[in-house]
file structure14.txt (compact mmCIF, C-alpha atoms and all ligand atoms)
# COMPACT_ATOMS: atom_id res chain seq x y z
CA MET H 143 0.00 0.00 0.00
CA LYS H 144 0.99 3.63 -0.41
CA PRO H 145 1.15 5.96 2.59
CA PRO H 146 -1.67 8.43 3.21
CA VAL H 147 -1.13 12.02 2.04
CA PHE H 148 1.00 14.11 4.40
CA GLU H 149 3.02 17.33 4.37
CA TYR H 150 6.76 16.66 4.41
CA ARG H 151 9.17 18.86 6.37
CA ASP H 152 12.93 18.40 6.61
CA PRO H 153 14.33 20.91 9.10
CA ARG H 154 18.04 21.82 8.83
CA SER H 155 18.60 22.67 12.50
CA LEU H 156 17.47 21.49 15.92
CA ASP H 157 15.73 24.83 16.54
CA GLU H 158 13.81 24.49 13.29
CA ALA H 159 12.80 20.91 14.16
CA LEU H 160 11.62 21.94 17.63
CA GLY H 161 9.71 24.89 16.15
CA LEU H 162 7.90 22.49 13.80
CA LEU H 163 7.07 20.24 16.75
CA ASP H 164 5.68 23.25 18.65
CA GLU H 165 3.46 24.01 15.68
CA HIS H 166 2.44 20.51 14.53
CA GLY H 167 3.48 18.12 17.35
CA ASP H 168 0.02 16.62 17.87
CA ASP H 169 -0.53 16.01 14.14
CA SER H 170 2.94 14.88 13.12
CA SER H 171 5.31 11.91 13.10
CA ILE H 172 9.06 12.26 13.40
CA LEU H 173 10.96 10.36 10.71
CA ALA H 174 14.35 8.96 11.79
CA GLY H 175 15.53 5.66 10.23
CA GLY H 176 12.03 5.00 8.91
CA GLN H 177 12.27 1.24 9.49
CA SER H 178 9.16 1.26 11.68
CA LEU H 179 7.45 4.50 10.66
CA ILE H 180 7.41 3.84 6.89
CA PRO H 181 5.70 0.42 7.29
CA LEU H 182 3.23 2.03 9.71
CA LEU H 183 2.44 4.71 7.13
CA ASN H 184 2.16 2.21 4.28
CA LEU H 185 -0.17 0.04 6.34
CA ARG H 186 -2.10 3.22 7.22
CA LEU H 187 -1.68 2.47 10.91
CA ALA H 188 -0.18 5.98 11.22
CA ARG H 189 -1.94 8.90 9.52
CA PRO H 190 -0.02 12.05 10.48
CA ASP H 191 -0.75 15.36 8.76
CA TYR H 192 2.98 16.16 8.84
CA VAL H 193 6.10 14.01 8.66
CA ILE H 194 9.07 15.80 10.19
CA ASP H 195 12.24 14.21 8.81
CA ILE H 196 15.14 14.86 11.22
CA ASN H 197 17.84 13.25 9.06
CA LYS H 198 19.24 16.65 8.05
CA VAL H 199 19.39 18.03 11.60
CA PRO H 200 23.12 18.29 12.42
CA GLY H 201 24.70 17.25 15.71
CA LEU H 202 22.39 14.36 16.64
CA ASP H 203 24.70 11.50 15.57
CA THR H 204 27.27 11.65 18.35
CA ILE H 205 28.95 8.89 20.37
CA GLU H 206 30.57 10.00 23.63
CA VAL H 207 32.28 7.41 25.82
CA SER H 208 33.48 8.91 29.08
CA PRO H 209 34.34 7.33 32.44
CA GLY H 210 31.07 5.95 33.80
CA CYS H 211 28.88 6.73 30.80
CA VAL H 212 28.09 6.01 27.15
CA ARG H 213 26.01 8.85 25.68
CA VAL H 214 24.66 8.45 22.16
CA GLY H 215 22.92 11.06 20.01
CA ALA H 216 19.44 10.06 18.82
CA MET H 217 20.29 9.85 15.10
CA THR H 218 23.25 7.51 15.52
CA ARG H 219 22.70 4.38 13.40
CA ILE H 220 22.82 0.99 15.10
CA ARG H 221 25.29 -0.35 12.53
CA ARG H 222 27.79 2.34 13.53
CA LEU H 223 27.23 1.67 17.23
CA GLU H 224 27.75 -2.08 16.92
CA ARG H 225 31.14 -1.47 15.30
CA ASP H 226 32.33 1.14 17.79
CA PRO H 227 35.40 -0.24 19.60
CA GLN H 228 35.02 2.08 22.59
CA ILE H 229 31.46 0.89 23.28
CA ARG H 230 32.53 -2.74 22.88
CA ALA H 231 35.32 -2.11 25.43
CA VAL H 232 33.20 -0.52 28.17
CA ALA H 233 29.76 -2.05 27.53
CA PRO H 234 30.11 -5.40 25.71
CA ALA H 235 26.54 -6.50 26.53
CA LEU H 236 25.24 -3.33 24.89
CA ALA H 237 27.37 -4.07 21.82
CA ASP H 238 25.96 -7.63 21.75
CA ALA H 239 22.41 -6.29 21.96
CA PHE H 240 22.97 -4.02 18.93
CA ARG H 241 23.84 -7.07 16.83
CA ASN H 242 20.60 -8.78 17.81
CA ILE H 243 18.47 -6.03 16.26
CA ALA H 244 17.03 -7.12 12.91
CA HIS H 245 19.50 -7.51 10.01
CA PRO H 246 22.57 -5.46 8.97
CA GLN H 247 20.64 -3.65 6.22
CA ILE H 248 17.95 -2.58 8.68
CA ARG H 249 20.53 -1.67 11.32
CA SER H 250 22.31 0.58 8.83
CA ARG H 251 19.16 2.78 8.77
CA THR H 252 17.75 2.22 12.29
CA THR H 253 18.65 4.96 14.76
CA ILE H 254 18.98 4.52 18.50
CA GLY H 255 16.50 7.35 19.09
CA GLY H 256 13.91 5.83 16.75
CA ASN H 257 14.34 2.37 18.20
CA ILE H 258 13.86 3.55 21.78
CA SER H 259 11.09 6.06 20.97
CA HIS H 260 9.15 3.33 19.17
CA ALA H 261 8.88 1.52 22.56
CA ASP H 262 8.28 -1.94 21.16
CA PRO H 263 8.23 -4.23 24.23
CA SER H 264 10.19 -6.85 22.26
CA SER H 265 13.00 -4.45 21.35
CA GLU H 266 16.42 -5.20 22.73
CA LEU H 267 17.65 -1.70 23.58
CA PRO H 268 14.87 -0.70 26.00
CA GLY H 269 15.71 -3.84 28.00
CA VAL H 270 19.41 -3.06 28.04
CA LEU H 271 18.63 0.53 29.03
CA ALA H 272 16.61 -0.86 31.97
CA ALA H 273 19.42 -3.14 33.16
CA TYR H 274 21.98 -0.33 32.92
CA ASP H 275 19.58 2.05 34.72
CA GLY H 276 19.84 4.39 31.76
CA ARG H 277 17.93 7.49 30.75
CA VAL H 278 16.87 9.49 27.72
CA GLN H 279 17.12 13.18 26.94
CA LEU H 280 13.93 14.87 25.72
CA THR H 281 14.29 18.31 24.19
CA SER H 282 11.69 20.93 23.34
CA SER H 283 11.93 24.62 22.49
CA SER H 284 11.74 25.31 26.26
CA GLY H 285 14.80 23.19 27.10
CA SER H 286 15.91 19.63 27.84
CA ARG H 287 15.01 17.12 30.53
CA TRP H 288 16.49 13.73 31.37
CA VAL H 289 13.99 10.94 32.03
CA SER H 290 14.93 7.58 33.55
CA TRP H 291 13.99 4.46 31.56
CA ALA H 292 11.44 3.56 34.26
CA ASP H 293 9.59 6.85 33.77
CA PHE H 294 9.88 6.81 29.98
CA PHE H 295 8.26 3.54 28.86
CA VAL H 296 4.52 3.46 29.60
CA THR H 297 3.12 0.58 27.56
CA VAL H 298 3.24 -0.84 24.03
CA PHE H 299 4.42 1.90 21.61
CA THR H 300 3.75 4.54 24.29
CA THR H 301 6.19 6.73 26.20
CA THR H 302 6.02 9.86 28.35
CA ARG H 303 7.51 11.99 25.55
CA GLU H 304 5.35 15.07 24.98
CA SER H 305 4.30 15.77 21.40
CA ASN H 306 6.51 18.89 21.22
CA GLU H 307 9.59 16.98 22.41
CA LEU H 308 12.31 15.24 20.44
CA LEU H 309 14.34 12.43 21.95
CA THR H 310 17.84 13.83 21.48
CA ALA H 311 20.17 11.44 23.36
CA VAL H 312 20.34 8.16 25.26
CA GLU H 313 22.65 7.54 28.19
CA PHE H 314 23.91 4.17 29.48
CA PRO H 315 25.77 4.50 32.81
CA THR H 316 28.76 2.14 32.79
CA ASP H 317 29.55 1.50 36.45
CA GLN H 318 32.76 -0.50 36.14
CA ASN H 319 31.82 -2.53 39.23
CA PHE H 320 29.13 -4.20 37.11
CA ASN H 321 29.63 -6.86 34.46
CA TYR H 322 26.75 -7.46 32.07
CA GLU H 323 25.55 -10.17 29.71
CA PHE H 324 22.71 -9.97 27.18
CA GLU H 325 21.04 -12.93 25.52
CA GLU H 326 17.81 -13.50 23.65
CA ILE H 327 15.95 -16.34 21.99
CA ALA H 328 14.36 -15.69 18.60
CA ARG H 329 12.90 -18.11 16.08
CA ARG H 330 15.33 -16.98 13.37
CA PRO H 331 18.37 -14.67 13.49
CA GLY H 332 17.15 -11.10 13.02
CA ASP H 333 13.61 -11.74 14.24
CA TYR H 334 12.23 -9.92 17.23
CA PRO H 335 12.98 -12.13 20.26
CA LEU H 336 10.50 -14.41 21.99
CA ALA H 337 12.28 -13.36 25.18
CA GLY H 338 15.48 -11.55 26.09
CA VAL H 339 17.38 -10.93 29.31
CA CYS H 340 20.08 -8.47 30.29
CA THR H 341 21.89 -9.30 33.53
CA GLY H 342 24.32 -7.10 35.46
CA ILE H 343 26.25 -8.31 38.50
CA SER H 344 28.52 -6.43 40.88
CA LEU H 345 30.69 -8.62 43.11
CA ASP H 346 32.39 -7.94 46.40
CA GLY H 347 34.89 -10.65 47.33
CA GLY H 348 33.00 -13.37 45.45
CA ARG H 349 29.61 -12.40 46.88
CA VAL H 350 26.97 -10.49 44.94
CA ARG H 351 26.92 -6.86 46.06
CA ALA H 352 24.19 -5.80 43.61
CA ALA H 353 22.27 -7.34 40.71
CA ARG H 354 20.28 -5.84 37.85
CA LEU H 355 18.14 -8.09 35.70
CA SER H 356 15.80 -6.94 32.96
CA ALA H 357 13.58 -8.82 30.54
CA ILE H 358 11.99 -7.99 27.19
CA ALA H 359 9.11 -9.47 25.19
CA ILE H 360 7.26 -10.68 28.26
CA ALA H 361 5.29 -7.57 29.29
CA ASP H 362 3.97 -4.35 27.73
CA ARG H 363 7.35 -2.67 28.33
CA PRO H 364 10.82 -3.66 29.53
CA ILE H 365 10.83 -4.78 33.14
CA ARG H 366 13.34 -5.29 35.93
CA MET H 367 13.07 -8.61 37.77
CA THR H 368 13.46 -7.39 41.32
CA ALA H 369 12.73 -10.70 43.08
CA ALA H 370 15.57 -12.34 41.16
CA GLU H 371 17.81 -9.36 41.96
CA SER H 372 17.02 -9.67 45.68
CA ALA H 373 17.59 -13.43 45.57
CA LEU H 374 21.12 -12.83 44.33
CA VAL H 375 22.27 -10.12 46.73
CA GLY H 376 24.71 -11.52 49.29
CA VAL H 377 25.04 -14.98 47.77
CA ASP H 378 28.32 -16.67 46.93
CA PHE H 379 28.29 -16.20 43.14
CA SER H 380 30.27 -19.38 42.54
CA ASN H 381 27.36 -21.36 44.01
CA ALA H 382 25.43 -22.81 41.05
CA ALA H 383 22.39 -23.60 43.21
CA ALA H 384 22.14 -19.93 44.26
CA ARG H 385 22.24 -18.82 40.62
CA GLN H 386 19.61 -21.43 39.77
CA ALA H 387 17.39 -20.14 42.59
CA ALA H 388 17.57 -16.64 41.09
CA SER H 389 16.47 -17.93 37.69
CA GLN H 390 13.52 -19.65 39.38
CA ALA H 391 12.68 -16.41 41.20
CA ALA H 392 12.69 -14.61 37.83
CA ALA H 393 10.32 -17.15 36.31
CA ALA H 394 7.99 -16.87 39.30
CA GLU H 395 7.79 -13.06 39.33
CA ILE H 396 6.99 -12.40 35.66
CA HIS H 397 3.51 -12.43 34.13
CA PRO H 398 3.90 -13.15 30.42
CA MET H 399 0.81 -13.46 28.26
CA ASP H 400 -0.18 -16.21 25.84
CA ASP H 401 0.06 -15.10 22.23
CA GLU H 402 0.46 -16.61 18.77
CA HIS H 403 4.24 -16.93 19.30
CA GLY H 404 4.06 -18.98 22.50
CA SER H 405 2.26 -19.64 25.75
CA ALA H 406 2.93 -17.83 29.02
CA ALA H 407 4.47 -21.01 30.44
CA PHE H 408 6.80 -21.27 27.43
CA ARG H 409 7.99 -17.67 27.88
CA ARG H 410 8.45 -18.21 31.62
CA GLY H 411 10.72 -21.13 30.77
CA LEU H 412 12.68 -19.03 28.27
CA VAL H 413 13.30 -16.29 30.81
CA SER H 414 14.44 -18.80 33.43
CA THR H 415 16.85 -20.35 30.92
CA LEU H 416 18.20 -16.97 29.83
CA VAL H 417 18.73 -15.79 33.41
CA ASN H 418 20.54 -19.00 34.18
CA ARG H 419 22.74 -18.76 31.08
CA THR H 420 23.68 -15.11 31.62
CA LEU H 421 24.46 -15.73 35.29
CA ASP H 422 26.58 -18.77 34.43
CA ARG H 423 28.57 -16.77 31.89
CA LEU H 424 29.11 -13.96 34.38
CA ALA H 425 30.28 -16.58 36.89
CA GLY H 426 32.81 -17.84 34.35
CA VAL H 427 30.93 -21.06 33.66
CA SER H 428 30.45 -21.46 29.92
CA ALA H 429 26.79 -21.62 28.95
C1 LIG U 1 12.26 -6.74 9.28
C2 LIG U 1 12.47 -5.91 10.53
C3 LIG U 1 12.97 -6.54 11.65
C4 LIG U 1 13.16 -5.80 12.82
N1 LIG U 1 13.67 -6.43 13.92
C5 LIG U 1 13.90 -5.71 15.03
C6 LIG U 1 14.46 -6.32 16.18
O1 LIG U 1 14.79 -7.50 16.21
N2 LIG U 1 14.64 -5.54 17.28
C7 LIG U 1 14.31 -4.21 17.30
O2 LIG U 1 14.50 -3.55 18.32
N3 LIG U 1 13.79 -3.62 16.23
C8 LIG U 1 13.57 -4.32 15.10
N4 LIG U 1 13.05 -3.72 14.01
C9 LIG U 1 12.65 -2.31 14.12
C10 LIG U 1 13.78 -1.39 13.71
O3 LIG U 1 14.86 -1.49 14.59
C11 LIG U 1 13.22 0.03 13.70
O4 LIG U 1 13.91 0.72 12.77
C12 LIG U 1 13.26 0.82 14.97
O5 LIG U 1 12.46 0.24 15.94
C13 LIG U 1 12.83 2.26 14.74
O6 LIG U 1 13.97 3.01 14.46
P1 LIG U 1 14.02 4.02 13.26
O7 LIG U 1 15.23 4.86 13.45
O8 LIG U 1 13.88 3.30 11.99
O9 LIG U 1 12.75 4.95 13.57
P2 LIG U 1 11.51 5.39 12.69
O10 LIG U 1 10.89 4.22 12.01
O11 LIG U 1 11.87 6.54 11.84
O12 LIG U 1 10.56 5.90 13.87
C14 LIG U 1 9.97 4.99 14.78
C15 LIG U 1 9.06 5.77 15.75
O13 LIG U 1 9.84 6.58 16.63
C16 LIG U 1 9.53 7.98 16.45
N5 LIG U 1 10.82 8.68 16.51
C17 LIG U 1 11.91 8.43 15.75
N6 LIG U 1 12.95 9.18 16.16
C18 LIG U 1 12.50 9.93 17.19
C19 LIG U 1 13.13 10.89 18.04
N7 LIG U 1 14.42 11.22 17.92
N8 LIG U 1 12.38 11.47 19.01
C20 LIG U 1 11.07 11.12 19.17
N9 LIG U 1 10.43 10.21 18.39
C21 LIG U 1 11.14 9.62 17.42
C22 LIG U 1 8.85 8.07 15.09
O14 LIG U 1 7.99 9.17 14.99
C23 LIG U 1 8.11 6.74 15.05
O15 LIG U 1 6.93 6.82 15.79
C24 LIG U 1 12.85 -4.41 12.84
C25 LIG U 1 12.36 -3.78 11.68
C26 LIG U 1 12.17 -4.52 10.54
C27 LIG U 1 11.66 -3.82 9.31
call {"tool": "encode", "arguments": {"input": "structure14.txt", "output": "structure tokens", "more": "lines below"}}
Ligand SMILES: Cc1cc2nc3c(=O)[nH]c(=O)nc-3n(C[C@H](O)[C@H](O)[C@H](O)COP(=O)(O)OP(=O)(O)OC[C@H]3O[C@@H](n4cnc5c(N)ncnc54)[C@H](O)[C@@H]3O)c2cc1C
result
Amino acid sequence: MKPPVFEYRDPRSLDEALGLLDEHGDDSSILAGGQSLIPLLNLRLARPDYVIDINKVPGLDTIEVSPGCVRVGAMTRIRRLERDPQIRAVAPALADAFRNIAHPQIRSRTTIGGNISHADPSSELPGVLAAYDGRVQLTSSSGSRWVSWADFFVTVFTTTRESNELLTAVEFPTDQNFNYEFEEIARRPGDYPLAGVCTGISLDGGRVRAARLSAIAIADRPIRMTAAESALVGVDFSNAAARQAASQAAAAEIHPMDDEHGSAAFRRGLVSTLVNRTLDRLAGVSA
């Protein structure tokens, strides 16, 4: 199908883009990589009066790796991020997650800002953002605000971004006391996952000082599995039974739904397996 009729705008500066959002925010869609928006337009699931293409706005495709933080501009393409050696060095689980998004051709267009703004509950990056306790920068003509992942994702395809705001950057704190692993299970490489888990562990003398576990594709937004996190704190991390208990706690605390891709019980089993595998890898046991 062809998209519905819309007015096309391609601002050449951030100020111009924000001015257009002030004027048309409620009746417009922002076009970034277009890998989700264009299908939505063609299927007529989105019918904006205006499409505001931000590809010509300069300064939004930045990668800044500083001690304790990876900050990425909204228009940075996933393909560039997955190849960035600095990100791989400080946040290998994040680099692994990039490679799980769709296929190389799609990743060469997909932007980090578009991927996170789209708020698909099966998307990898929102889950990684949750495990890293990350945040997003929302900018309007009145200024910028930083919003934590937990306050950003509301439900399927819905965030707390106001219609006059542009997501301008994403920040992943990289506390060097934490080591992370990301893993997902998908039917075919490049598909959206049936379930995915990002696990971060901070150790103190062999015992778990803090744990961060997130899951995707099992709820209407990315979630943290706090019962599993609590089950891990204080345990001897070399104890396989303790790690296994955490994976059982994760399976018990989630509430996946049945859908055409699998039953709730099936997804519960996937999450338990993924938690177990990521914990084993972090413990130095190959999984
Ligand atoms: C075959 C296929 C497989 C895919 N598999 C996966 C997968 O496994 N995992 C995954 O995560 N994704 C997957 N995707 C989705 C892909 O990653 C999308 O491109 C991505 O979700 C949206 O990014 P985009 O830059 O293309 O944004 P667009 O399609 O341009 O925009 C998406 C939405 O975000 C809004 N938006 C874009 N940028 C901003 C901004 N800066 N501020 C505010 N709002 C903004 C748009 O208005 C729109 O509503 C797949 C897509 C395809 C076609």
call {"tool": "residues_near_ligand", "arguments": {"input": "structure14.txt", "ligand": "ligand LIG 1 (chain U)", "cutoff": "7 Å", "atoms": "all atoms listed in the file", "output": "PyMOL selection string"}}
result
chain H and resi 171-180+216-217+242-245+248-249+251-260+264-267+307-310+332-335
call {"tool": "atom_distance", "arguments": {"input": "structure14.txt", "atom1": "atom CA of Arg423 of chain H", "atom2": "atom CA of Tyr322 of chain H"}}
result
9.5 Å
call {"tool": "closest_residue", "arguments": {"input": "structure14.txt", "among": "H:Val413, H:Gly426, H:Ile229, H:Arg222", "to": "Pro246 of chain H", "atoms": "all atoms listed in the file"}}
result
H:Arg222
call {"tool": "atom_distance", "arguments": {"input": "structure14.txt", "atom1": "atom CA of Ser344 of chain H", "atom2": "atom CA of Ala373 of chain H"}}
result
13.8 Å
call {"tool": "axis_aligned_box", "arguments": {"input": "structure14.txt", "around": "segment 339-355 of chain H", "padding_each_side": "6 Å", "output": "AutoDock Vina command-line options"}}
result
--center_x 26.1 --center_y -9.6 --center_z 38.3 --size_x 29.5 --size_y 19.6 --size_z 30.0
call {"tool": "atom_distance", "arguments": {"input": "structure14.txt", "atom1": "atom CA of Pro209 of chain H", "atom2": "atom CA of Phe324 of chain H"}}
result
21.5 Å
call {"tool": "residues_around", "arguments": {"input": "structure14.txt", "residues": "Tyr274 of chain H", "least_positions_apart": "4", "cutoff": "7 Å", "atoms": "all atoms listed in the file", "output": "PyMOL selection string"}}
result
chain H and resi 270+314-315
call {"tool": "write_last_selection", "arguments": {"input": "structure14.txt", "atoms": "C-alpha atoms", "output": "PDB file, in the frame of the given file"}}
result
ATOM      1  CA  VAL H 270      19.410  -3.060  28.040  1.00  0.00           C
ATOM      2  CA  PHE H 314      23.910   4.170  29.480  1.00  0.00           C
ATOM      3  CA  PRO H 315      25.770   4.500  32.810  1.00  0.00           C
TER       4      PRO H 315
END
call {"tool": "closest_residue", "arguments": {"input": "structure14.txt", "among": "H:Ala383, H:Glu323, H:Ala370, H:Val298", "to": "Arg419 of chain H", "atoms": "only C-alpha atoms"}}
result
H:Glu323
call {"tool": "closest_residue", "arguments": {"input": "structure14.txt", "among": "H:Phe299, H:Phe379, H:Trp288, H:Phe408", "to": "Ala425 of chain H", "atoms": "only C-alpha atoms"}}
result
H:Phe379
call {"tool": "decode", "arguments": {"input": "structure14.txt", "residues": "segment 350-362 of chain H", "atoms": "N, CA, C and O atoms", "output": "PDB file, in the first residue's frame"}}
result
ATOM      1  N   VAL H 350      27.671 -11.473  45.772  1.00  0.00           N
ATOM      2  CA  VAL H 350      26.971 -10.494  44.940  1.00  0.00           C
ATOM      3  C   VAL H 350      26.641  -9.264  45.788  1.00  0.00           C
ATOM      4  O   VAL H 350      25.943  -9.352  46.795  1.00  0.00           O
ATOM      5  N   ARG H 351      27.202  -8.120  45.362  1.00  0.00           N
ATOM      6  CA  ARG H 351      26.922  -6.861  46.060  1.00  0.00           C
ATOM      7  C   ARG H 351      25.614  -6.260  45.543  1.00  0.00           C
ATOM      8  O   ARG H 351      24.792  -5.755  46.296  1.00  0.00           O
ATOM      9  N   ALA H 352      25.416  -6.333  44.218  1.00  0.00           N
ATOM     10  CA  ALA H 352      24.187  -5.802  43.614  1.00  0.00           C
ATOM     11  C   ALA H 352      23.925  -6.536  42.305  1.00  0.00           C
ATOM     12  O   ALA H 352      24.870  -6.994  41.650  1.00  0.00           O
ATOM     13  N   ALA H 353      22.646  -6.650  41.951  1.00  0.00           N
ATOM     14  CA  ALA H 353      22.272  -7.341  40.709  1.00  0.00           C
ATOM     15  C   ALA H 353      21.204  -6.526  39.993  1.00  0.00           C
ATOM     16  O   ALA H 353      20.357  -5.891  40.630  1.00  0.00           O
ATOM     17  N   ARG H 354      21.290  -6.526  38.665  1.00  0.00           N
ATOM     18  CA  ARG H 354      20.281  -5.838  37.847  1.00  0.00           C
ATOM     19  C   ARG H 354      19.876  -6.784  36.732  1.00  0.00           C
ATOM     20  O   ARG H 354      20.709  -7.154  35.908  1.00  0.00           O
ATOM     21  N   LEU H 355      18.620  -7.159  36.722  1.00  0.00           N
ATOM     22  CA  LEU H 355      18.142  -8.095  35.696  1.00  0.00           C
ATOM     23  C   LEU H 355      16.911  -7.520  35.016  1.00  0.00           C
ATOM     24  O   LEU H 355      15.932  -7.184  35.690  1.00  0.00           O
ATOM     25  N   SER H 356      16.968  -7.420  33.701  1.00  0.00           N
ATOM     26  CA  SER H 356      15.801  -6.935  32.958  1.00  0.00           C
ATOM     27  C   SER H 356      15.361  -7.998  31.957  1.00  0.00           C
ATOM     28  O   SER H 356      16.141  -8.873  31.582  1.00  0.00           O
ATOM     29  N   ALA H 357      14.105  -7.886  31.542  1.00  0.00           N
ATOM     30  CA  ALA H 357      13.579  -8.823  30.537  1.00  0.00           C
ATOM     31  C   ALA H 357      12.766  -8.056  29.508  1.00  0.00           C
ATOM     32  O   ALA H 357      12.146  -7.027  29.819  1.00  0.00           O
ATOM     33  N   ILE H 358      12.792  -8.568  28.279  1.00  0.00           N
ATOM     34  CA  ILE H 358      11.991  -7.987  27.192  1.00  0.00           C
ATOM     35  C   ILE H 358      11.093  -9.068  26.599  1.00  0.00           C
ATOM     36  O   ILE H 358      11.338 -10.261  26.770  1.00  0.00           O
ATOM     37  N   ALA H 359      10.054  -8.602  25.922  1.00  0.00           N
ATOM     38  CA  ALA H 359       9.114  -9.465  25.187  1.00  0.00           C
ATOM     39  C   ALA H 359       8.241 -10.310  26.105  1.00  0.00           C
ATOM     40  O   ALA H 359       7.691 -11.329  25.682  1.00  0.00           O
ATOM     41  N   ILE H 360       8.129  -9.895  27.367  1.00  0.00           N
ATOM     42  CA  ILE H 360       7.263 -10.677  28.262  1.00  0.00           C
ATOM     43  C   ILE H 360       6.226  -9.792  28.955  1.00  0.00           C
ATOM     44  O   ILE H 360       5.413 -10.288  29.728  1.00  0.00           O
ATOM     45  N   ALA H 361       6.259  -8.489  28.689  1.00  0.00           N
ATOM     46  CA  ALA H 361       5.291  -7.572  29.293  1.00  0.00           C
ATOM     47  C   ALA H 361       5.039  -6.453  28.284  1.00  0.00           C
ATOM     48  O   ALA H 361       5.559  -6.494  27.168  1.00  0.00           O
ATOM     49  N   ASP H 362       4.281  -5.435  28.679  1.00  0.00           N
ATOM     50  CA  ASP H 362       3.969  -4.355  27.728  1.00  0.00           C
ATOM     51  C   ASP H 362       5.089  -3.321  27.633  1.00  0.00           C
ATOM     52  O   ASP H 362       4.980  -2.333  26.919  1.00  0.00           O
TER      53      ASP H 362
END
